[in-house]
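Structure data follow from coords_18.cif (mmCIF, C-alpha atoms):
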```
data_entry
#
loop_
_atom_site.label_atom_id
_atom_site.label_comp_id
_atom_site.auth_asym_id
_atom_site.auth_seq_id
_atom_site.Cartn_x
_atom_site.Cartn_y
_atom_site.Cartn_z
CA MET A 270 109.34 44.04 214.45
CA GLY A 271 108.06 42.32 211.34
CA ILE A 272 105.82 39.51 210.19
CA ARG A 273 106.63 36.45 208.17
CA THR A 274 104.54 34.51 205.67
CA TYR A 275 105.26 30.97 204.46
CA ARG A 276 105.05 28.99 201.27
CA PRO A 277 102.18 26.49 201.68
CA HIS A 278 104.23 23.30 201.94
CA THR A 279 101.63 22.05 204.44
CA PRO A 280 97.98 23.02 205.08
CA GLY A 281 98.97 24.60 208.41
CA LEU A 282 101.44 26.95 206.73
CA ARG A 283 99.04 28.10 204.02
CA PHE A 284 97.42 30.81 206.14
CA CYS A 285 100.11 31.08 208.83
CA ILE A 286 101.50 34.56 209.57
CA SER A 287 104.01 34.76 212.41
CA HIS A 288 106.50 37.16 213.98
CA THR A 289 110.09 37.47 212.80
CA PHE A 290 111.25 38.12 216.40
CA GLU A 291 114.06 40.31 215.06
CA GLU A 292 113.73 42.71 218.03
CA ILE A 293 114.39 39.96 220.60
CA THR A 294 117.93 40.23 221.98
CA LYS A 295 117.86 37.61 224.74
CA GLN A 296 116.38 34.11 224.55
CA LYS A 297 116.07 33.12 228.23
CA PRO A 298 114.41 35.32 230.88
CA GLU A 299 115.99 36.70 234.06
CA LYS A 300 115.26 33.79 236.40
CA SER A 301 114.97 35.97 239.51
CA LEU A 302 112.12 37.89 237.85
CA THR A 303 110.02 34.85 236.94
CA GLU A 304 107.44 32.86 238.89
CA PRO A 305 105.78 29.51 238.23
CA MET A 306 102.36 29.81 236.66
CA LYS A 307 99.94 27.07 237.61
CA ARG A 308 97.32 26.15 235.03
CA THR A 309 93.69 26.15 236.17
CA GLY A 310 92.01 24.56 233.16
CA GLY A 311 89.31 27.23 233.52
CA ARG A 312 88.30 26.00 236.99
CA ASN A 313 87.94 27.95 240.23
CA ASN A 314 89.10 27.00 243.73
CA GLN A 315 86.12 24.66 244.08
CA GLY A 316 86.96 22.76 240.92
CA ARG A 317 83.99 24.10 238.99
CA LEU A 318 84.36 25.13 235.36
CA THR A 319 84.00 28.94 235.30
CA MET A 320 85.74 29.66 231.97
CA ARG A 321 85.12 27.44 228.97
CA HIS A 322 87.60 26.50 226.25
CA ARG A 323 90.69 26.60 228.48
CA GLY A 324 93.12 23.75 229.11
CA GLY A 325 96.38 22.19 228.02
CA GLY A 326 98.99 24.43 226.45
CA HIS A 327 102.73 24.76 226.72
CA LYS A 328 104.40 25.17 230.09
CA GLN A 329 105.05 28.85 230.88
CA ARG A 330 106.65 30.98 233.57
CA TYR A 331 105.22 34.35 234.56
CA ARG A 332 107.48 37.40 234.15
CA VAL A 333 107.11 39.88 237.02
CA ILE A 334 106.53 43.28 235.40
CA ASP A 335 107.13 46.60 237.17
CA PHE A 336 103.82 48.34 236.47
CA LYS A 337 104.24 50.75 239.40
CA ARG A 338 107.56 52.28 238.23
CA ASP A 339 108.13 53.31 241.85
CA LYS A 340 111.94 53.41 241.65
CA ARG A 341 111.99 57.18 241.25
CA GLY A 342 114.95 59.29 240.21
CA ILE A 343 117.31 56.35 239.53
CA ILE A 344 118.57 55.91 235.97
CA ALA A 345 118.27 52.44 234.45
CA THR A 346 119.84 51.00 231.31
CA VAL A 347 117.94 48.72 228.95
CA ALA A 348 119.83 45.41 229.06
CA SER A 349 117.65 43.40 226.65
CA ILE A 350 114.33 43.17 224.82
CA GLU A 351 112.63 39.84 225.52
CA TYR A 352 109.63 37.74 224.56
CA ASP A 353 106.83 37.30 227.09
CA PRO A 354 104.57 34.26 226.55
CA ILE A 355 101.89 35.65 228.85
CA ARG A 356 101.21 38.93 227.02
CA THR A 357 101.12 40.33 223.49
CA ALA A 358 103.72 43.05 224.13
CA ARG A 359 107.47 42.63 224.34
CA ILE A 360 109.23 43.36 227.64
CA ALA A 361 112.46 45.20 228.39
CA LEU A 362 114.92 44.21 231.12
CA LEU A 363 116.20 47.24 233.03
CA GLN A 364 119.50 47.30 234.92
CA TYR A 365 119.42 50.07 237.55
CA ALA A 366 122.47 51.92 238.76
CA ASP A 367 122.13 50.30 242.20
CA GLY A 368 122.24 46.81 240.68
CA GLU A 369 118.52 45.96 240.80
CA LYS A 370 116.83 44.47 237.72
CA ARG A 371 113.22 44.94 236.67
CA TYR A 372 111.00 44.25 233.68
CA ILE A 373 108.86 46.90 231.98
CA LEU A 374 106.69 46.86 228.87
CA ALA A 375 108.81 47.68 225.83
CA PRO A 376 107.47 50.71 223.88
CA ILE A 377 108.23 51.47 220.24
CA GLY A 378 111.70 52.93 219.83
CA LEU A 379 113.23 51.59 223.05
CA LYS A 380 116.58 50.00 222.18
CA VAL A 381 119.21 48.09 224.11
CA GLY A 382 121.63 50.53 225.75
CA ALA A 383 119.07 53.32 226.13
CA THR A 384 118.48 54.88 229.55
CA VAL A 385 115.08 55.29 231.18
CA GLN A 386 113.92 56.94 234.38
CA ALA A 387 110.80 57.35 236.48
CA GLY A 388 109.86 60.47 238.40
CA PRO A 389 108.32 63.93 238.00
CA ASP A 390 111.60 65.41 236.74
CA SER A 391 112.30 62.73 234.12
CA PRO A 392 112.99 63.96 230.58
CA ILE A 393 110.29 63.64 227.94
CA GLU A 394 111.60 60.48 226.27
CA VAL A 395 110.10 57.13 225.31
CA GLY A 396 110.10 54.68 228.23
CA ASN A 397 110.22 57.27 231.00
CA ALA A 398 107.39 57.35 233.55
CA LEU A 399 105.94 60.67 234.72
CA PRO A 400 102.78 61.89 236.46
CA LEU A 401 100.12 63.18 234.07
CA ARG A 402 100.77 66.67 235.46
CA ASN A 403 104.16 66.71 233.67
CA VAL A 404 103.27 64.88 230.45
CA PRO A 405 102.98 67.19 227.39
CA LEU A 406 99.51 67.46 225.87
CA GLY A 407 99.00 65.21 222.86
CA TYR A 408 101.86 62.86 223.79
CA PRO A 409 101.12 59.10 223.46
CA ILE A 410 101.18 57.22 226.77
CA HIS A 411 100.67 53.67 228.03
CA ASN A 412 100.72 51.72 231.33
CA LEU A 413 98.31 54.25 232.82
CA GLU A 414 97.34 54.33 236.50
CA LEU A 415 93.72 54.77 237.55
CA THR A 416 94.50 55.09 241.27
CA ILE A 417 97.55 56.92 242.59
CA GLY A 418 100.28 54.44 243.52
CA ARG A 419 98.43 51.31 242.40
CA GLY A 420 100.42 50.85 239.21
CA GLY A 421 99.47 50.82 235.56
CA GLN A 422 96.14 49.10 234.88
CA MET A 423 95.28 50.29 231.38
CA ILE A 424 96.85 50.40 227.91
CA ARG A 425 99.22 47.45 228.23
CA SER A 426 98.46 45.44 225.08
CA ALA A 427 100.66 45.38 222.00
CA GLY A 428 100.37 48.46 219.80
CA THR A 429 98.09 50.45 222.12
CA ALA A 430 98.49 54.05 223.25
CA ALA A 431 96.34 56.75 224.84
CA GLU A 432 96.50 60.50 224.27
CA LEU A 433 96.55 63.20 226.93
CA THR A 434 94.10 65.81 225.62
CA SER A 435 93.73 68.39 228.40
CA ARG A 436 94.26 69.25 232.07
CA GLU A 437 91.94 71.13 234.38
CA GLY A 438 92.50 71.39 238.11
CA ASP A 439 93.34 68.04 239.69
CA TYR A 440 92.23 65.96 236.71
CA ALA A 441 93.46 65.34 233.21
CA GLN A 442 91.39 64.12 230.30
CA VAL A 443 92.79 61.09 228.50
CA LYS A 444 91.49 59.63 225.25
CA LEU A 445 91.76 55.84 225.53
CA PRO A 446 92.36 53.46 222.60
CA SER A 447 88.64 52.53 222.65
CA GLY A 448 87.69 56.16 221.98
CA GLU A 449 86.47 56.77 225.53
CA LEU A 450 87.37 60.13 227.07
CA ARG A 451 88.10 59.75 230.77
CA LYS A 452 89.19 61.98 233.66
CA ILE A 453 92.22 60.72 235.61
CA HIS A 454 94.01 62.41 238.51
CA VAL A 455 97.09 64.36 237.44
CA GLU A 456 99.26 62.59 240.03
CA CYS A 457 98.67 59.20 238.40
CA TYR A 458 101.72 57.91 236.55
CA ALA A 459 101.93 56.88 232.91
CA THR A 460 104.79 55.71 230.70
CA LEU A 461 105.63 57.71 227.58
CA GLY A 462 105.32 56.13 224.16
CA GLN A 463 103.24 53.50 222.39
CA VAL A 464 103.45 49.83 223.38
CA GLY A 465 105.60 47.90 220.91
CA ASN A 466 104.92 44.82 218.79
CA THR A 467 102.34 46.66 216.67
CA GLU A 468 102.25 43.82 214.13
CA HIS A 469 100.55 41.50 216.59
CA GLU A 470 97.10 42.25 215.13
CA ASN A 471 98.22 40.80 211.79
CA ILE A 472 99.25 37.41 213.21
CA SER A 473 97.35 34.33 211.99
CA LEU A 474 97.94 31.07 213.85
CA GLY A 475 97.31 29.01 210.70
CA LYS A 476 96.29 25.76 212.39
CA ALA A 477 94.31 24.47 215.34
CA GLY A 478 97.43 23.07 217.02
CA LYS A 479 98.82 26.53 217.71
CA SER A 480 95.66 27.43 219.63
CA ARG A 481 96.17 24.30 221.74
CA HIS A 482 99.78 25.36 222.44
CA LEU A 483 98.41 28.65 223.79
CA GLY A 484 96.00 26.83 226.10
CA TRP A 485 92.81 27.33 224.07
CA ARG A 486 90.54 24.33 223.54
CA PRO A 487 88.01 24.04 220.70
CA THR A 488 84.80 26.09 220.69
CA VAL A 489 81.58 24.47 219.48
CA ARG A 490 78.88 26.72 217.97
CA GLY A 491 75.57 26.79 219.77
CA MET A 492 73.74 26.15 216.47
CA ALA A 493 75.59 22.85 216.13
CA MET A 494 74.37 21.61 219.54
CA ASN A 495 71.17 19.86 220.57
CA PRO A 496 68.30 21.81 222.20
CA VAL A 497 69.15 20.25 225.56
CA ASP A 498 72.64 21.76 225.43
CA HIS A 499 72.02 25.25 224.04
CA PRO A 500 69.06 27.60 223.43
CA MET A 501 70.12 27.97 219.78
CA GLY A 502 70.51 24.23 219.19
CA GLY A 503 68.32 21.81 217.26
CA GLY A 504 66.22 22.20 214.13
CA GLN A 505 66.12 20.44 210.80
CA GLY A 506 69.38 21.48 209.17
CA LYS A 507 71.01 24.89 209.57
CA SER A 508 68.71 27.60 210.94
CA LYS A 509 69.40 31.26 211.54
CA GLY A 510 65.98 32.00 212.99
CA GLY A 511 64.79 31.46 216.52
CA PRO A 512 66.29 33.08 219.64
CA HIS A 513 68.69 36.00 219.54
CA PRO A 514 72.37 34.88 219.72
CA CYS A 515 73.05 34.05 223.34
CA SER A 516 75.20 32.00 225.70
CA PRO A 517 74.26 28.47 226.82
CA TRP A 518 72.66 30.10 229.88
CA GLY A 519 70.56 32.53 227.89
CA GLN A 520 72.58 35.76 228.26
CA ILE A 521 72.40 37.90 225.12
CA ALA A 522 75.68 37.71 223.20
CA LYS A 523 75.47 40.79 220.94
CA GLY A 524 74.85 44.30 222.21
CA LEU A 525 73.98 43.56 225.84
CA LYS A 526 75.45 46.20 228.17
CA THR A 527 77.04 44.46 231.15
CA ARG A 528 78.30 47.55 233.00
CA LYS A 529 76.41 48.45 236.18
CA LYS A 530 73.80 51.18 235.66
CA HIS A 531 75.00 53.39 238.51
CA LYS A 532 78.70 52.73 238.99
CA TRP A 533 80.58 55.20 241.14
CA THR A 534 83.26 55.72 238.48
CA ASP A 535 80.70 57.00 235.93
CA LYS A 536 81.53 60.55 237.01
CA PHE A 537 85.04 60.16 235.54
CA ILE A 538 83.79 59.21 232.07
CA VAL A 539 83.45 62.35 229.95
CA GLN A 540 82.50 60.58 226.72
CA ARG A 541 81.64 56.93 226.17
CA ARG A 542 83.47 54.87 223.60
CA LYS A 543 80.16 54.49 221.79
CA ALA A 544 78.12 57.68 221.58
CA LYS A 545 74.49 57.30 222.63
CA LYS A 546 72.01 57.76 219.77
#
```
Just give me the structure as structure tokens.
Amino acid sequence: MGIRTYRPHTPGLRFCISHTFEEITKQKPEKSLTEPMKRTGGRNNQGRLTMRHRGGGHKQRYRVIDFKRDKRGIIATVASIEYDPIRTARIALLQYADGEKRYILAPIGLKVGATVQAGPDSPIEVGNALPLRNVPLGYPIHNLELTIGRGGQMIRSAGTAAELTSREGDYAQVKLPSGELRKIHVECYATLGQVGNTEHENISLGKAGKSRHLGWRPTVRGMAMNPVDHPMGGGQGKSKGGPHPCSPWGQIAKGLKTRKKHKWTDKFIVQRRKAKK
């Protein structure tokens, strides 16, 4: 996994930083594990625009990922490491001993030909999935369940990993990438290792066209709009004064806490990602 810079033959290449894709071993996905992905253009089932700046983009197919890792006790061999256009991480194609194929997130160090396994008795090796009860303290984990049997819901982006800090009774304390310390049931499964493609944070698209290929349309600043279109619009020339930065509908954009005040999962949060002053 590396990054590539370019000589500025064109303006778009001047600031472009892209992947080398040297870890990819297979160009086309396993067709039986893909599904068509319909584009919404940011609109809901009533045709109303609910997410701005979405639309266009290259045609993509969704790769069905095994987040549950519920094929317990059966050894699988890594057949290939592949690119996934939907997510930042790479994915690994597993070939199980009974002939079934599945995709998982590819952690750092997982190579073609390696064997992985899921279950409470799995060895402590990268790519294996175990309940938190059997994971060694301090070991990096990803694809973490929040509810037993639901499948991994957290720590799935490129380069992320959580750390198992302690266990007490039926709950383990996990330090998440955000810095939050959270209690999770010891029977919840997690995959060992750190998610691969750590260089993703250094990628620079270089030109507006690449954003359009990804399905992102241009964003106009509120300050550049008219007063009728945005609370921060209007004025004679550029102006930083006036209302606090907000959305077109008046919701504060910087520092507003959007989490419910009395959410039932608050009891599982030991320490917030941002300490209260």
Work out how far apart CA of Ile373 in chain A and CA of Thr309 in chain A are and give it in Å to one decimal. 26.0 Å
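Take the PyMOL selection byres ((chain A and resi 481-490) around 8) and apply it to this file: it picks A:His322, A:Arg323, A:Gly324, A:Gly325, A:Gly326, A:His327, A:Ala477, A:Gly478, A:Lys479, A:Ser480, A:Gly491, A:Met492, A:Ala493, A:Met494.
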Residues matched by the PyMOL selection byres ((chain A and resi 411) around 10), written as number ranges by chain: A: 374, 376, 396, 398, 409-410, 412-414, 421-426, 428-432, 445-446, 458-464
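Minimum atom-to-atom distance to Gly519 in chain A, evaluated using all atoms listed in the file, belongs to A:Pro500 out of A:Asp535, A:Pro500, A:Leu474, A:Ala345.
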Which neighbours of Arg436 in chain A fall inside 10 Å, counting only C-alpha atoms, when residues of the same chain fewer than 2 positions from it are skipped, and could you give them as an MDAnalysis selection string? chainID A and resid 401:402 406 433:434 438:443 452:455
Same residues, C-alpha atoms, output as a PDB file, keeping the file's coordinate frame:
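Generated file (result.pdb):
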```pdb
ATOM      1  CA  LEU A 401     100.120  63.180 234.070  1.00  0.00           C
ATOM      2  CA  ARG A 402     100.770  66.670 235.460  1.00  0.00           C
ATOM      3  CA  LEU A 406      99.510  67.460 225.870  1.00  0.00           C
ATOM      4  CA  LEU A 433      96.550  63.200 226.930  1.00  0.00           C
ATOM      5  CA  THR A 434      94.100  65.810 225.620  1.00  0.00           C
ATOM      6  CA  GLY A 438      92.500  71.390 238.110  1.00  0.00           C
ATOM      7  CA  ASP A 439      93.340  68.040 239.690  1.00  0.00           C
ATOM      8  CA  TYR A 440      92.230  65.960 236.710  1.00  0.00           C
ATOM      9  CA  ALA A 441      93.460  65.340 233.210  1.00  0.00           C
ATOM     10  CA  GLN A 442      91.390  64.120 230.300  1.00  0.00           C
ATOM     11  CA  VAL A 443      92.790  61.090 228.500  1.00  0.00           C
ATOM     12  CA  LYS A 452      89.190  61.980 233.660  1.00  0.00           C
ATOM     13  CA  ILE A 453      92.220  60.720 235.610  1.00  0.00           C
ATOM     14  CA  HIS A 454      94.010  62.410 238.510  1.00  0.00           C
ATOM     15  CA  VAL A 455      97.090  64.360 237.440  1.00  0.00           C
TER      16      VAL A 455
END
```
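Each of A:Pro392, A:Gly502, A:Gly475, A:Gly378 was checked against Ile286 in chain A using only C-alpha atoms; the smallest atom-to-atom distance is that of A:Gly475.
Taking all atoms listed in the file into account, Thr289 in chain A lies nearest to A:Ile472 out of the set A:Leu399, A:Ile472, A:Ile521, A:Leu362.
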What do you get, as a ChimeraX atom specification, if you spell out every residue that the PyMOL selection byres ((chain A and resi 351) around 8) selects here? /A:293-296,298,349-350,352-353,359-362
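Straight-line separation from CA of Gly524 in chain A to CA of Lys543 in chain A: 11.5 Å.
Of the residues under consideration (A:Gly342, A:Glu394, A:Ser516, A:Ala427), A:Ala427 shows the shortest atom-to-atom contact distance to Met270 in chain A when counting all atoms listed in the file.
Distance annotation: of A:Asp367, A:Glu468, A:Glu304, A:Asp339, the residue with the minimal separation from Gly271 in chain A is A:Glu468; atom set is all atoms listed in the file.
Shortest separation to Ile538 in chain A among A:Pro512, A:Gly465, A:Gly448, A:Gly506 occurs at residue A:Gly448, atoms counted being all atoms listed in the file.
CA of Ile355 in chain A lies 11.5 Å from CA of Thr303 in chain A.
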Would you compute the box with edges along x, y and z of the file around range 419-422 of chain A, including every atom the file lists for it and 4 Å extra on each side, and give its centre and edge lengths in Å to one decimal, as lines of an AutoDock Vina configuration file?
```
center_x = 98.3
center_y = 50.2
center_z = 238.6
size_x = 12.3
size_y = 10.2
size_z = 15.5
```
